[in-house]
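Asker: Dropping in data16.pdb, which is PDB, C-alpha atoms:
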```pdb
ATOM      1  CA  MET P1270      51.909   7.061 -28.256
ATOM      2  CA  LYS P1271      49.147   4.807 -29.486
ATOM      3  CA  ALA P1272      48.327   3.924 -25.874
ATOM      4  CA  ILE P1273      48.025   7.593 -24.943
ATOM      5  CA  ILE P1274      45.695   8.271 -27.878
ATOM      6  CA  ALA P1275      43.609   5.204 -27.024
ATOM      7  CA  ALA P1276      43.355   6.317 -23.413
ATOM      8  CA  GLY P1277      42.367   9.806 -24.493
ATOM      9  CA  VAL P1278      39.696   8.594 -26.887
ATOM     10  CA  GLY P1279      38.407   6.218 -24.250
ATOM     11  CA  SER P1280      38.159   9.022 -21.703
ATOM     12  CA  LEU P1281      36.285  11.220 -24.143
ATOM     13  CA  LEU P1282      33.827   8.436 -24.866
ATOM     14  CA  VAL P1283      33.212   7.843 -21.180
ATOM     15  CA  ALA P1284      32.784  11.547 -20.525
ATOM     16  CA  ALA P1285      30.352  11.931 -23.428
ATOM     17  CA  ALA P1286      28.262   8.883 -22.571
ATOM     18  CA  PRO P1287      24.883   9.766 -21.093
ATOM     19  CA  ILE P1288      24.456   8.818 -17.472
ATOM     20  CA  THR P1289      21.541   6.472 -17.490
ATOM     21  CA  GLN P1290      19.815   4.835 -14.595
ATOM     22  CA  SER P1291      18.807   1.269 -14.956
ATOM     23  CA  PRO P1292      15.051   0.888 -14.692
ATOM     24  CA  ASP P1293      15.529  -0.821 -11.365
ATOM     25  CA  SER P1294      17.539   1.904  -9.652
ATOM     26  CA  THR P1295      15.558   4.693  -8.041
ATOM     27  CA  SER P1296      16.455   7.233  -5.447
ATOM     28  CA  PHE P1297      15.020   9.928  -3.253
ATOM     29  CA  THR P1298      16.065  13.246  -1.782
ATOM     30  CA  THR P1299      15.689  14.137   1.861
ATOM     31  CA  LEU P1300      13.824  17.385   2.453
ATOM     32  CA  ASP P1301      15.133  19.998   4.859
ATOM     33  CA  ARG P1302      13.016  21.849   7.418
ATOM     34  CA  ALA P1303      11.933  24.329   4.746
ATOM     35  CA  ALA P1304      10.742  21.500   2.477
ATOM     36  CA  GLN P1305      13.582  22.160   0.064
ATOM     37  CA  PRO P1306      14.317  21.118  -2.611
ATOM     38  CA  LEU P1307      10.675  20.163  -3.187
ATOM     39  CA  ARG P1308       9.467  23.757  -2.846
ATOM     40  CA  SER P1309      11.880  24.994  -5.515
ATOM     41  CA  ALA P1310      11.021  22.074  -7.811
ATOM     42  CA  PHE P1311       7.300  22.740  -7.373
ATOM     43  CA  ASN P1312       7.671  26.436  -8.229
ATOM     44  CA  GLY P1313      10.110  25.638 -10.996
ATOM     45  CA  ASP P1314       7.407  23.561 -12.659
ATOM     46  CA  ALA P1315       4.961  26.464 -12.736
ATOM     47  CA  GLY P1316       2.848  26.222 -15.838
ATOM     48  CA  LYS P1317       2.612  22.450 -15.530
ATOM     49  CA  VAL P1318      -0.028  20.313 -13.888
ATOM     50  CA  ARG P1319       1.501  18.945 -10.693
ATOM     51  CA  LEU P1320       0.566  15.761  -8.863
ATOM     52  CA  VAL P1321       1.770  15.457  -5.308
ATOM     53  CA  MET P1322       1.533  12.142  -3.483
ATOM     54  CA  TYR P1323       1.747  12.346   0.307
ATOM     55  CA  VAL P1324       2.277   8.733   1.323
ATOM     56  CA  SER P1325       3.856   6.537   3.963
ATOM     57  CA  PRO P1326       6.373   3.792   3.065
ATOM     58  CA  THR P1327       5.018   1.510   5.797
ATOM     59  CA  CYS P1328       1.335   1.565   4.931
ATOM     60  CA  GLY P1329      -0.167  -0.945   2.537
ATOM     61  CA  GLY P1330      -2.910   1.469   1.505
ATOM     62  CA  CYS P1331      -0.420   4.208   0.635
ATOM     63  CA  LEU P1332       1.799   1.770  -1.236
ATOM     64  CA  ARG P1333      -1.180   0.474  -3.177
ATOM     65  CA  GLY P1334      -2.134   4.033  -4.103
ATOM     66  CA  ALA P1335       1.381   4.784  -5.336
ATOM     67  CA  ASP P1336       1.502   1.525  -7.272
ATOM     68  CA  GLN P1337      -1.865   2.158  -8.892
ATOM     69  CA  SER P1338      -0.866   5.723  -9.705
ATOM     70  CA  GLN P1339       2.142   4.420 -11.616
ATOM     71  CA  GLU P1340      -0.046   1.953 -13.494
ATOM     72  CA  HIS P1341      -3.217   3.917 -14.197
ATOM     73  CA  ILE P1342      -2.064   7.532 -14.198
ATOM     74  CA  LEU P1343       1.596   7.770 -15.138
ATOM     75  CA  GLY P1344       1.488   4.687 -17.304
ATOM     76  CA  LYS P1345      -1.504   5.941 -19.268
ATOM     77  CA  ILE P1346      -0.836   9.702 -19.479
ATOM     78  CA  ASP P1347       2.408  10.572 -21.233
ATOM     79  CA  SER P1348       2.095  14.355 -21.276
ATOM     80  CA  ALA P1349       5.281  16.274 -20.577
ATOM     81  CA  ASP P1350       3.117  18.937 -18.923
ATOM     82  CA  LEU P1351       2.643  16.724 -15.881
ATOM     83  CA  SER P1352       5.110  16.728 -13.005
ATOM     84  CA  VAL P1353       4.902  14.302 -10.119
ATOM     85  CA  TYR P1354       6.304  14.599  -6.608
ATOM     86  CA  VAL P1355       6.188  11.602  -4.302
ATOM     87  CA  VAL P1356       6.632  12.681  -0.692
ATOM     88  CA  TRP P1357       7.339   9.735   1.596
ATOM     89  CA  ALA P1358       6.338  10.853   5.068
ATOM     90  CA  PRO P1359       7.357   9.706   8.563
ATOM     91  CA  ARG P1360       3.864   8.486   9.307
ATOM     92  CA  ASN P1361       2.748   5.067  10.489
ATOM     93  CA  GLY P1362       6.100   4.354  12.118
ATOM     94  CA  ALA P1363       8.086   5.015   8.961
ATOM     95  CA  ARG P1364      11.783   5.816   8.994
ATOM     96  CA  GLU P1365      14.231   6.731   6.249
ATOM     97  CA  GLU P1366      15.465   3.150   5.953
ATOM     98  CA  HIS P1367      11.991   2.130   4.751
ATOM     99  CA  VAL P1368      11.976   4.487   1.785
ATOM    100  CA  GLU P1369      14.466   3.093  -0.709
ATOM    101  CA  ARG P1370      12.668  -0.165  -1.426
ATOM    102  CA  VAL P1371       9.318   1.564  -2.037
ATOM    103  CA  THR P1372      10.698   4.149  -4.448
ATOM    104  CA  LYS P1373      10.645   1.336  -6.999
ATOM    105  CA  LEU P1374       6.837   1.551  -7.071
ATOM    106  CA  VAL P1375       6.921   4.829  -8.986
ATOM    107  CA  THR P1376       9.406   4.653 -11.831
ATOM    108  CA  ASP P1377       8.062   7.274 -14.218
ATOM    109  CA  GLU P1378      10.802   9.713 -15.201
ATOM    110  CA  ARG P1379       8.497  12.671 -14.543
ATOM    111  CA  ALA P1380       8.380  11.739 -10.864
ATOM    112  CA  THR P1381      10.808  12.864  -8.212
ATOM    113  CA  GLN P1382      10.751  11.279  -4.798
ATOM    114  CA  TYR P1383      11.428  12.797  -1.413
ATOM    115  CA  TRP P1384      11.735  11.730   2.210
ATOM    116  CA  ASP P1385      10.074  14.261   4.483
ATOM    117  CA  GLU P1386      12.400  13.728   7.416
ATOM    118  CA  HIS P1387      11.284  16.778   9.378
ATOM    119  CA  SER P1388       7.576  16.540   8.457
ATOM    120  CA  ALA P1389       7.957  19.898   6.745
ATOM    121  CA  VAL P1390       5.297  18.831   4.274
ATOM    122  CA  ALA P1391       3.391  16.274   6.326
ATOM    123  CA  THR P1392       2.470  18.444   9.307
ATOM    124  CA  PRO P1393       1.143  21.428   7.312
ATOM    125  CA  LEU P1394      -0.839  19.077   5.080
ATOM    126  CA  ASP P1395      -2.317  17.274   8.092
ATOM    127  CA  ASP P1396      -3.488  20.634   9.430
ATOM    128  CA  MET P1397      -4.652  22.020   6.093
ATOM    129  CA  LEU P1398      -6.645  18.960   5.100
ATOM    130  CA  SER P1399      -7.768  18.112   8.656
ATOM    131  CA  LEU P1400      -6.365  14.612   8.414
ATOM    132  CA  THR P1401      -6.929  12.212  11.280
ATOM    133  CA  GLY P1402      -5.529   8.775  11.950
ATOM    134  CA  PRO P1403      -2.095   7.301  11.624
ATOM    135  CA  CYS P1404      -1.594   7.403   7.913
ATOM    136  CA  ALA P1405      -1.350   9.715   4.923
ATOM    137  CA  GLY P1406      -2.278   8.410   1.468
ATOM    138  CA  ILE P1407      -3.279  11.731  -0.073
ATOM    139  CA  PHE P1408      -3.093  12.403  -3.805
ATOM    140  CA  MET P1409      -3.274  16.068  -4.787
ATOM    141  CA  LEU P1410      -3.534  17.994  -8.035
ATOM    142  CA  TYR P1411      -2.385  21.522  -8.752
ATOM    143  CA  ASP P1412      -2.762  23.521 -11.922
ATOM    144  CA  GLY P1413      -0.064  25.550 -13.629
ATOM    145  CA  ALA P1414      -0.812  28.690 -11.611
ATOM    146  CA  ALA P1415      -0.148  27.183  -8.188
ATOM    147  CA  ARG P1416       2.845  28.556  -6.298
ATOM    148  CA  TRP P1417       4.325  27.543  -2.973
ATOM    149  CA  GLU P1418       4.813  30.842  -1.165
ATOM    150  CA  GLY P1419       4.620  30.253   2.598
ATOM    151  CA  ASP P1420       5.827  27.520   4.905
ATOM    152  CA  ALA P1421       2.941  25.235   3.993
ATOM    153  CA  PRO P1422       2.318  23.804   0.553
ATOM    154  CA  PRO P1423      -0.490  25.494  -1.359
ATOM    155  CA  GLU P1424      -3.960  24.055  -0.955
ATOM    156  CA  PRO P1425      -4.616  21.547  -3.708
ATOM    157  CA  LEU P1426      -7.304  22.238  -6.269
ATOM    158  CA  TYR P1427      -8.351  18.598  -6.129
ATOM    159  CA  TRP P1428      -7.397  15.688  -3.887
ATOM    160  CA  GLU P1429      -8.361  12.156  -3.031
ATOM    161  CA  ASP P1430      -7.705  10.065   0.059
ATOM    162  CA  ALA P1431      -6.581   6.430  -0.021
ATOM    163  CA  HIS P1432      -7.874   5.940   3.540
ATOM    164  CA  ALA P1433     -11.104   7.944   3.324
ATOM    165  CA  ARG P1434     -13.345   4.933   3.921
ATOM    166  CA  GLU P1435     -11.418   2.968   6.481
ATOM    167  CA  LEU P1436     -10.485   5.963   8.609
ATOM    168  CA  GLY P1437     -13.816   7.680   8.124
ATOM    169  CA  ARG P1438     -12.193  10.821   6.748
ATOM    170  CA  GLU P1439     -14.789  12.877   4.960
ATOM    171  CA  GLY P1440     -12.636  15.636   3.514
ATOM    172  CA  ALA P1441     -12.128  13.999   0.156
ATOM    173  CA  PRO P1442     -13.380  11.110  -1.939
ATOM    174  CA  GLN P1443     -11.827   7.654  -1.677
ATOM    175  CA  PHE P1444      -8.804   7.458  -3.962
ATOM    176  CA  ASP P1445      -9.518   5.691  -7.214
ATOM    177  CA  ALA P1446      -6.592   5.703  -9.626
ATOM    178  CA  LYS P1447      -8.657   5.435 -12.795
ATOM    179  CA  GLY P1448     -10.998   8.229 -11.750
ATOM    180  CA  PHE P1449      -8.045  10.319 -10.646
ATOM    181  CA  ALA P1450      -6.467   9.814 -14.059
ATOM    182  CA  GLU P1451      -9.552  11.385 -15.620
ATOM    183  CA  LYS P1452      -9.110  14.373 -13.322
ATOM    184  CA  VAL P1453      -5.485  14.667 -14.432
ATOM    185  CA  ARG P1454      -6.625  14.654 -18.053
ATOM    186  CA  GLU P1455      -9.136  17.415 -17.267
ATOM    187  CA  PHE P1456      -6.411  19.517 -15.670
ATOM    188  CA  LEU P1457      -4.110  18.941 -18.639
ATOM    189  CA  ALA P1458      -6.855  19.866 -21.096
ATOM    190  CA  GLY P1459      -7.832  22.951 -19.136
TER     191      GLY P1459
ATOM    192  CA  MET U 694     -14.676 -40.592  -0.631
ATOM    193  CA  ARG U 695     -16.108 -37.585  -2.418
ATOM    194  CA  GLN U 696     -17.755 -36.451   0.798
ATOM    195  CA  ARG U 697     -14.451 -36.664   2.707
ATOM    196  CA  ILE U 698     -12.776 -34.564   0.059
ATOM    197  CA  PHE U 699     -15.618 -32.076   0.354
ATOM    198  CA  ASP U 700     -15.295 -31.959   4.135
ATOM    199  CA  PHE U 701     -11.534 -31.530   3.954
ATOM    200  CA  GLY U 702     -12.015 -28.787   1.386
ATOM    201  CA  ALA U 703     -14.358 -26.936   3.732
ATOM    202  CA  THR U 704     -11.763 -27.090   6.520
ATOM    203  CA  LEU U 705      -8.971 -26.003   4.219
ATOM    204  CA  GLY U 706     -11.114 -23.208   2.792
ATOM    205  CA  SER U 707     -11.880 -22.002   6.295
ATOM    206  CA  VAL U 708      -8.180 -21.848   7.153
ATOM    207  CA  ALA U 709      -7.304 -20.087   3.897
ATOM    208  CA  ALA U 710     -10.057 -17.499   4.217
ATOM    209  CA  GLY U 711      -9.277 -16.851   7.876
ATOM    210  CA  ALA U 712      -5.558 -16.488   7.244
ATOM    211  CA  THR U 713      -6.177 -14.163   4.286
ATOM    212  CA  SER U 714      -8.482 -12.034   6.380
ATOM    213  CA  ALA U 715      -5.832 -11.808   9.096
ATOM    214  CA  ALA U 716      -3.156 -10.849   6.586
ATOM    215  CA  ALA U 717      -5.415  -8.134   5.156
ATOM    216  CA  SER U 718      -5.840  -6.708   8.650
ATOM    217  CA  ILE U 719      -2.146  -6.164   9.184
ATOM    218  CA  CYS U 720      -1.461  -4.568   5.798
ATOM    219  CA  CYS U 721      -1.302  -1.061   7.145
ATOM    220  CA  ILE U 722      -0.109  -1.286  10.748
ATOM    221  CA  GLY U 723       3.390  -0.062  10.118
ATOM    222  CA  PRO U 724       6.904  -1.388   9.530
ATOM    223  CA  ILE U 725       6.078  -4.801  10.974
ATOM    224  CA  ALA U 726       3.471  -5.298   8.253
ATOM    225  CA  ILE U 727       6.033  -4.675   5.546
ATOM    226  CA  ALA U 728       8.500  -6.950   7.334
ATOM    227  CA  ILE U 729       5.939  -9.786   7.441
ATOM    228  CA  LEU U 730       4.177  -9.319   4.117
ATOM    229  CA  GLY U 731       6.781  -7.532   2.010
ATOM    230  CA  VAL U 732       5.961  -4.500  -0.132
ATOM    231  CA  ASN U 733       3.975  -6.432  -2.731
ATOM    232  CA  GLY U 734       2.246  -8.467  -0.053
ATOM    233  CA  ALA U 735       1.201  -5.322   1.786
ATOM    234  CA  ILE U 736      -0.181  -3.875  -1.442
ATOM    235  CA  LEU U 737      -2.148  -7.054  -2.099
ATOM    236  CA  ALA U 738      -3.397  -7.178   1.474
ATOM    237  CA  ALA U 739      -4.511  -3.539   1.262
ATOM    238  CA  GLY U 740      -6.591  -4.465  -1.779
ATOM    239  CA  ILE U 741      -8.251  -7.304   0.110
ATOM    240  CA  LYS U 742      -8.747  -5.327   3.323
ATOM    241  CA  PRO U 743     -12.237  -4.018   2.467
ATOM    242  CA  TYR U 744     -13.417  -7.624   2.149
ATOM    243  CA  ARG U 745     -11.832  -9.113   5.248
ATOM    244  CA  LEU U 746     -15.052  -9.328   7.220
ATOM    245  CA  TYR U 747     -16.648 -11.276   4.370
ATOM    246  CA  LEU U 748     -13.641 -13.582   4.344
ATOM    247  CA  LEU U 749     -13.942 -14.084   8.084
ATOM    248  CA  GLY U 750     -17.655 -14.735   7.800
ATOM    249  CA  GLY U 751     -17.166 -17.206   4.962
ATOM    250  CA  SER U 752     -14.442 -18.893   6.939
ATOM    251  CA  LEU U 753     -16.780 -19.259   9.916
ATOM    252  CA  LEU U 754     -19.500 -20.767   7.738
ATOM    253  CA  MET U 755     -17.119 -23.342   6.287
ATOM    254  CA  LEU U 756     -15.814 -24.114   9.746
ATOM    255  CA  GLY U 757     -19.316 -24.524  11.078
ATOM    256  CA  TYR U 758     -20.203 -26.845   8.235
ATOM    257  CA  ALA U 759     -17.077 -28.944   8.823
ATOM    258  CA  PHE U 760     -17.828 -29.223  12.575
ATOM    259  CA  TRP U 761     -21.404 -30.215  11.870
ATOM    260  CA  ARG U 762     -20.274 -32.878   9.397
ATOM    261  CA  LEU U 763     -17.845 -34.357  11.891
ATOM    262  CA  TYR U 764     -19.900 -34.185  15.064
ATOM    263  CA  ARG U 765     -23.457 -34.655  13.869
ATOM    264  CA  PRO U 766     -25.269 -37.494  15.688
ATOM    265  CA  SER U 767     -25.346 -39.847  12.685
ATOM    266  CA  ALA U 768     -21.603 -39.442  12.197
ATOM    267  CA  ARG U 769     -20.957 -40.403  15.827
ATOM    268  CA  ALA U 770     -23.151 -43.488  15.424
ATOM    269  CA  GLU U 771     -21.223 -44.566  12.345
ATOM    270  CA  ALA U 772     -17.936 -44.114  14.212
ATOM    271  CA  LYS U 773     -19.123 -46.242  17.148
ATOM    272  CA  ALA U 774     -20.114 -49.017  14.791
ATOM    273  CA  CYS U 775     -16.579 -49.247  13.471
ATOM    274  CA  SER U 776     -13.977 -51.111  15.523
ATOM    275  CA  VAL U 777     -11.191 -48.963  14.136
ATOM    276  CA  LYS U 778     -10.771 -45.468  15.563
ATOM    277  CA  THR U 779     -11.611 -43.148  12.704
ATOM    278  CA  GLY U 780     -11.682 -39.404  12.207
ATOM    279  CA  LEU U 781      -8.851 -38.613  14.622
ATOM    280  CA  TRP U 782      -6.874 -36.613  12.124
ATOM    281  CA  SER U 783     -10.052 -34.958  10.882
ATOM    282  CA  ARG U 784     -10.762 -33.737  14.413
ATOM    283  CA  VAL U 785      -7.190 -32.550  14.926
ATOM    284  CA  ILE U 786      -7.159 -30.582  11.681
ATOM    285  CA  LEU U 787     -10.602 -29.164  12.305
ATOM    286  CA  TRP U 788      -9.768 -27.915  15.784
ATOM    287  CA  ALA U 789      -6.514 -26.473  14.467
ATOM    288  CA  ALA U 790      -8.585 -24.627  11.867
ATOM    289  CA  ALA U 791     -10.799 -23.292  14.640
ATOM    290  CA  VAL U 792      -7.727 -22.013  16.480
ATOM    291  CA  VAL U 793      -6.568 -20.296  13.274
ATOM    292  CA  TRP U 794      -9.967 -18.624  12.966
ATOM    293  CA  VAL U 795      -9.921 -17.328  16.543
ATOM    294  CA  PHE U 796      -6.368 -16.121  16.011
ATOM    295  CA  ALA U 797      -7.476 -14.299  12.850
ATOM    296  CA  VAL U 798     -10.186 -12.499  14.819
ATOM    297  CA  ILE U 799      -7.719 -11.503  17.522
ATOM    298  CA  ILE U 800      -5.272 -10.215  14.916
ATOM    299  CA  GLN U 801      -7.958  -8.129  13.253
ATOM    300  CA  VAL U 802      -9.132  -6.541  16.497
ATOM    301  CA  ALA U 803      -5.582  -5.928  17.705
ATOM    302  CA  ALA U 804      -4.425  -4.541  14.331
ATOM    303  CA  ASP U 805      -7.334  -2.126  14.133
ATOM    304  CA  ARG U 806      -6.795  -0.883  17.703
ATOM    305  CA  TYR U 807      -3.029  -0.589  17.194
ATOM    306  CA  TRP U 808      -3.363   1.189  13.868
ATOM    307  CA  LEU U 809      -6.182   3.519  14.761
ATOM    308  CA  SER U 810      -4.305   4.660  17.862
ATOM    309  CA  GLY U 811      -2.203   6.665  15.415
ATOM    310  CA  ILE U 812       1.303   5.447  16.095
ATOM    311  CA  GLY U 813       3.289   7.910  13.951
TER     312      GLY U 813
END
```
What's the structure tokens form of this structure?
Answerer:
Amino acid sequence: MKAIIAAGVGSLLVAAAPITQSPDSTSFTTLDRAAQPLRSAFNGDAGKVRLVMYVSPTCGGCLRGADQSQEHILGKIDSADLSVYVVWAPRNGAREEHVERVTKLVTDERATQYWDEHSAVATPLDDMLSLTGPCAGIFMLYDGAARWEGDAPPEPLYWEDAHARELGREGAPQFDAKGFAEKVREFLAG
Amino acid sequence: MRQRIFDFGATLGSVAAGATSAAASICCIGPIAIAILGVNGAILAAGIKPYRLYLLGGSLLMLGYAFWRLYRPSARAEAKACSVKTGLWSRVILWAAAVVWVFAVIIQVAADRYWLSGIG
């Protein structure tokens, strides 16, 4: 009888315990051809400022941008009104097996990470932003009113390019994490 | 003695700068870069990449200085005056450093062409 009670209490304790992730374990979700579940998450966070990172897991410049974003943006701005989506894209020879180890660069709990297996996000963004060259490295900001209605993500209100200088892309300024953090603060204040 | 240390330092500095420049060039070329440098290495290399030409130039200057020190006419005269063969290892290391520098240039050119061709 005592053993049964002990087992029951133990089960209740296990069931009630919060499921916590160790700081070192991160994960990602693979997007389908309709960019789900990112599209639903993006629209579900309407009202919040949203930061979307379009990066490649096999590009040093993209990885540096993600790392600096964690340090200078997410590490310095603790507002709950900021949501972050890290979209790891099949650019620069990247495959799904390359993603897991780089998800550890962005550990903020406001960030969710995705693998864009079908380029459902990457291809429309390449077209929208007129991106050239082999790599992504785009950091985009949306305000609370932005909604993802069509097949393509909405056009960002502000964006910076981690490869603007070296690839000669003139559509956006060179990504600078500290400067971008100021932009995030402006969006949050606005 | 101090001069030999200085000369060796110039050679070593040339190798280090050339190798760093080469590593910075491959930071972004794809999965092979991550395999060679690791994630943190690729991030570091990406940070250095804007300065790789300066590194290569500095490396060449140090290499040039080291070659001049070893092969200048007065150095050859001093070597002839000595019955013992000197400077053999200095020459070997210096020429190896020159090979490293040429290799670094080749890597940079090849990495840029490979990367800019847009292999997605």
Asker: Please return, as a list in words, all residues of chain P lying within 8 Å of chain U when all atoms listed in the file are considered.
Answerer: Thr1327, Cys1328, Gly1329, Gly1330, Leu1332, Arg1333, Pro1359, Arg1360, Asn1361, Gly1362, Ala1363, His1367, Val1371, Gly1402, Pro1403, Cys1404 and Leu1436 of chain P
Asker: Around (-7.2, -20.3, 10.6) in the file's frame, which residues reach within 12 Å when counting only C-alpha atoms? Return as a ChimeraX atom specification?
Answerer: /U:703-716,748-749,751-753,755-756,786-800
Asker: Restricting it to C-alpha atoms, dump the selection as a PDB file, in the frame of the given file.
Answerer:
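Okay, this is what ended up in result-v6.pdb:
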```pdb
ATOM      1  CA  ALA U 703     -14.358 -26.936   3.732  1.00  0.00           C
ATOM      2  CA  THR U 704     -11.763 -27.090   6.520  1.00  0.00           C
ATOM      3  CA  LEU U 705      -8.971 -26.003   4.219  1.00  0.00           C
ATOM      4  CA  GLY U 706     -11.114 -23.208   2.792  1.00  0.00           C
ATOM      5  CA  SER U 707     -11.880 -22.002   6.295  1.00  0.00           C
ATOM      6  CA  VAL U 708      -8.180 -21.848   7.153  1.00  0.00           C
ATOM      7  CA  ALA U 709      -7.304 -20.087   3.897  1.00  0.00           C
ATOM      8  CA  ALA U 710     -10.057 -17.499   4.217  1.00  0.00           C
ATOM      9  CA  GLY U 711      -9.277 -16.851   7.876  1.00  0.00           C
ATOM     10  CA  ALA U 712      -5.558 -16.488   7.244  1.00  0.00           C
ATOM     11  CA  THR U 713      -6.177 -14.163   4.286  1.00  0.00           C
ATOM     12  CA  SER U 714      -8.482 -12.034   6.380  1.00  0.00           C
ATOM     13  CA  ALA U 715      -5.832 -11.808   9.096  1.00  0.00           C
ATOM     14  CA  ALA U 716      -3.156 -10.849   6.586  1.00  0.00           C
ATOM     15  CA  LEU U 748     -13.641 -13.582   4.344  1.00  0.00           C
ATOM     16  CA  LEU U 749     -13.942 -14.084   8.084  1.00  0.00           C
ATOM     17  CA  GLY U 751     -17.166 -17.206   4.962  1.00  0.00           C
ATOM     18  CA  SER U 752     -14.442 -18.893   6.939  1.00  0.00           C
ATOM     19  CA  LEU U 753     -16.780 -19.259   9.916  1.00  0.00           C
ATOM     20  CA  MET U 755     -17.119 -23.342   6.287  1.00  0.00           C
ATOM     21  CA  LEU U 756     -15.814 -24.114   9.746  1.00  0.00           C
ATOM     22  CA  ILE U 786      -7.159 -30.582  11.681  1.00  0.00           C
ATOM     23  CA  LEU U 787     -10.602 -29.164  12.305  1.00  0.00           C
ATOM     24  CA  TRP U 788      -9.768 -27.915  15.784  1.00  0.00           C
ATOM     25  CA  ALA U 789      -6.514 -26.473  14.467  1.00  0.00           C
ATOM     26  CA  ALA U 790      -8.585 -24.627  11.867  1.00  0.00           C
ATOM     27  CA  ALA U 791     -10.799 -23.292  14.640  1.00  0.00           C
ATOM     28  CA  VAL U 792      -7.727 -22.013  16.480  1.00  0.00           C
ATOM     29  CA  VAL U 793      -6.568 -20.296  13.274  1.00  0.00           C
ATOM     30  CA  TRP U 794      -9.967 -18.624  12.966  1.00  0.00           C
ATOM     31  CA  VAL U 795      -9.921 -17.328  16.543  1.00  0.00           C
ATOM     32  CA  PHE U 796      -6.368 -16.121  16.011  1.00  0.00           C
ATOM     33  CA  ALA U 797      -7.476 -14.299  12.850  1.00  0.00           C
ATOM     34  CA  VAL U 798     -10.186 -12.499  14.819  1.00  0.00           C
ATOM     35  CA  ILE U 799      -7.719 -11.503  17.522  1.00  0.00           C
ATOM     36  CA  ILE U 800      -5.272 -10.215  14.916  1.00  0.00           C
TER      37      ILE U 800
END
```
Asker: Assuming the chain letters and numbering stay as they are in my file, what does the PyMOL selection byres ((chain P and resi 1422-1432) around 9) actually select? List them as a ChimeraX atom specification.
Answerer: /P:1304,1308,1321,1330-1331,1333-1334,1390,1393-1394,1397-1398,1404-1412,1415-1421,1433-1438,1440-1445,1449,1452
Asker: What is the distance between CA of His1387 in chain P and CA of Glu1369 in chain P, in Å to one decimal?
Answerer: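 We find that CA of His1387 in chain P and CA of Glu1369 in chain P lie 17.3 Å from each other.
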Asker: Would you mind reading off the distance between CA of Val1368 in chain P and CA of Ala1380 in chain P, one decimal, in Å?
Answerer: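 We find that CA of Val1368 in chain P and CA of Ala1380 in chain P lie 15.0 Å from each other.
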Asker: Rank P:Ala1335, P:Ala1458, P:Ala1315, P:Val1324 by their smallest atom-to-atom distance to Ser1352 in chain P, using all atoms listed in the file, and report the top residue only.
Answerer: P:Ala1315
Asker: So how far away is CA of Pro1326 in chain P from CA of Val1356 in chain P, in Å?
Answerer: 9.7 Å
Asker: Mind telling me what the PyMOL selection byres ((chain P and resi 1413) around 10) catches here, as a PyMOL selection string?
Answerer: chain P and resi 1312+1314-1319+1350-1351+1411-1412+1414-1416+1456-1457+1459
Asker: Using the chain letters and numbering of this document, enumerate as a list in words the residues selected by the PyMOL selection byres ((chain P and resi 1339-1348) around 8).
Answerer: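 Applying the expression gives Ala1335, Asp1336, Gln1337, Ser1338, Ala1349, Asp1350, Leu1351, Leu1374, Val1375, Thr1376, Asp1377, Ala1446, Lys1447, Phe1449, Ala1450, Val1453 and Arg1454 of chain P.
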Asker: Of the candidates U:Leu746, U:Tyr764, U:Ala759, U:Leu781, which shows the shortest atom-to-atom distance to Gly702 in chain U, using all atoms listed in the file?
Answerer: U:Ala759
Asker: Can you sort out range 1444-1453 of chain P so it carries N, CA and C atoms, written as a PDB file, in the coordinates of the input?
Answerer:
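And here is the file that came out, result25.pdb:
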```
ATOM      1  N   PHE P1444      -9.686   7.451  -2.798  1.00  0.00           N
ATOM      2  CA  PHE P1444      -8.804   7.458  -3.962  1.00  0.00           C
ATOM      3  C   PHE P1444      -9.138   6.313  -4.897  1.00  0.00           C
ATOM      4  N   ASP P1445      -9.310   6.681  -6.162  1.00  0.00           N
ATOM      5  CA  ASP P1445      -9.518   5.691  -7.214  1.00  0.00           C
ATOM      6  C   ASP P1445      -8.617   6.106  -8.365  1.00  0.00           C
ATOM      7  N   ALA P1446      -7.632   5.292  -8.673  1.00  0.00           N
ATOM      8  CA  ALA P1446      -6.592   5.703  -9.626  1.00  0.00           C
ATOM      9  C   ALA P1446      -7.159   6.003 -11.007  1.00  0.00           C
ATOM     10  N   LYS P1447      -8.113   5.209 -11.443  1.00  0.00           N
ATOM     11  CA  LYS P1447      -8.657   5.435 -12.795  1.00  0.00           C
ATOM     12  C   LYS P1447      -9.444   6.741 -12.843  1.00  0.00           C
ATOM     13  N   GLY P1448     -10.251   6.982 -11.813  1.00  0.00           N
ATOM     14  CA  GLY P1448     -10.998   8.229 -11.750  1.00  0.00           C
ATOM     15  C   GLY P1448     -10.069   9.428 -11.612  1.00  0.00           C
ATOM     16  N   PHE P1449      -9.007   9.231 -10.836  1.00  0.00           N
ATOM     17  CA  PHE P1449      -8.045  10.319 -10.646  1.00  0.00           C
ATOM     18  C   PHE P1449      -7.347  10.632 -11.955  1.00  0.00           C
ATOM     19  N   ALA P1450      -7.093   9.599 -12.755  1.00  0.00           N
ATOM     20  CA  ALA P1450      -6.467   9.814 -14.059  1.00  0.00           C
ATOM     21  C   ALA P1450      -7.348  10.710 -14.931  1.00  0.00           C
ATOM     22  N   GLU P1451      -8.649  10.529 -14.843  1.00  0.00           N
ATOM     23  CA  GLU P1451      -9.552  11.385 -15.620  1.00  0.00           C
ATOM     24  C   GLU P1451      -9.433  12.843 -15.161  1.00  0.00           C
ATOM     25  N   LYS P1452      -9.289  13.014 -13.861  1.00  0.00           N
ATOM     26  CA  LYS P1452      -9.110  14.373 -13.322  1.00  0.00           C
ATOM     27  C   LYS P1452      -7.799  14.981 -13.858  1.00  0.00           C
ATOM     28  N   VAL P1453      -6.769  14.179 -13.906  1.00  0.00           N
ATOM     29  CA  VAL P1453      -5.485  14.667 -14.432  1.00  0.00           C
ATOM     30  C   VAL P1453      -5.654  15.105 -15.884  1.00  0.00           C
TER      31      VAL P1453
END
```
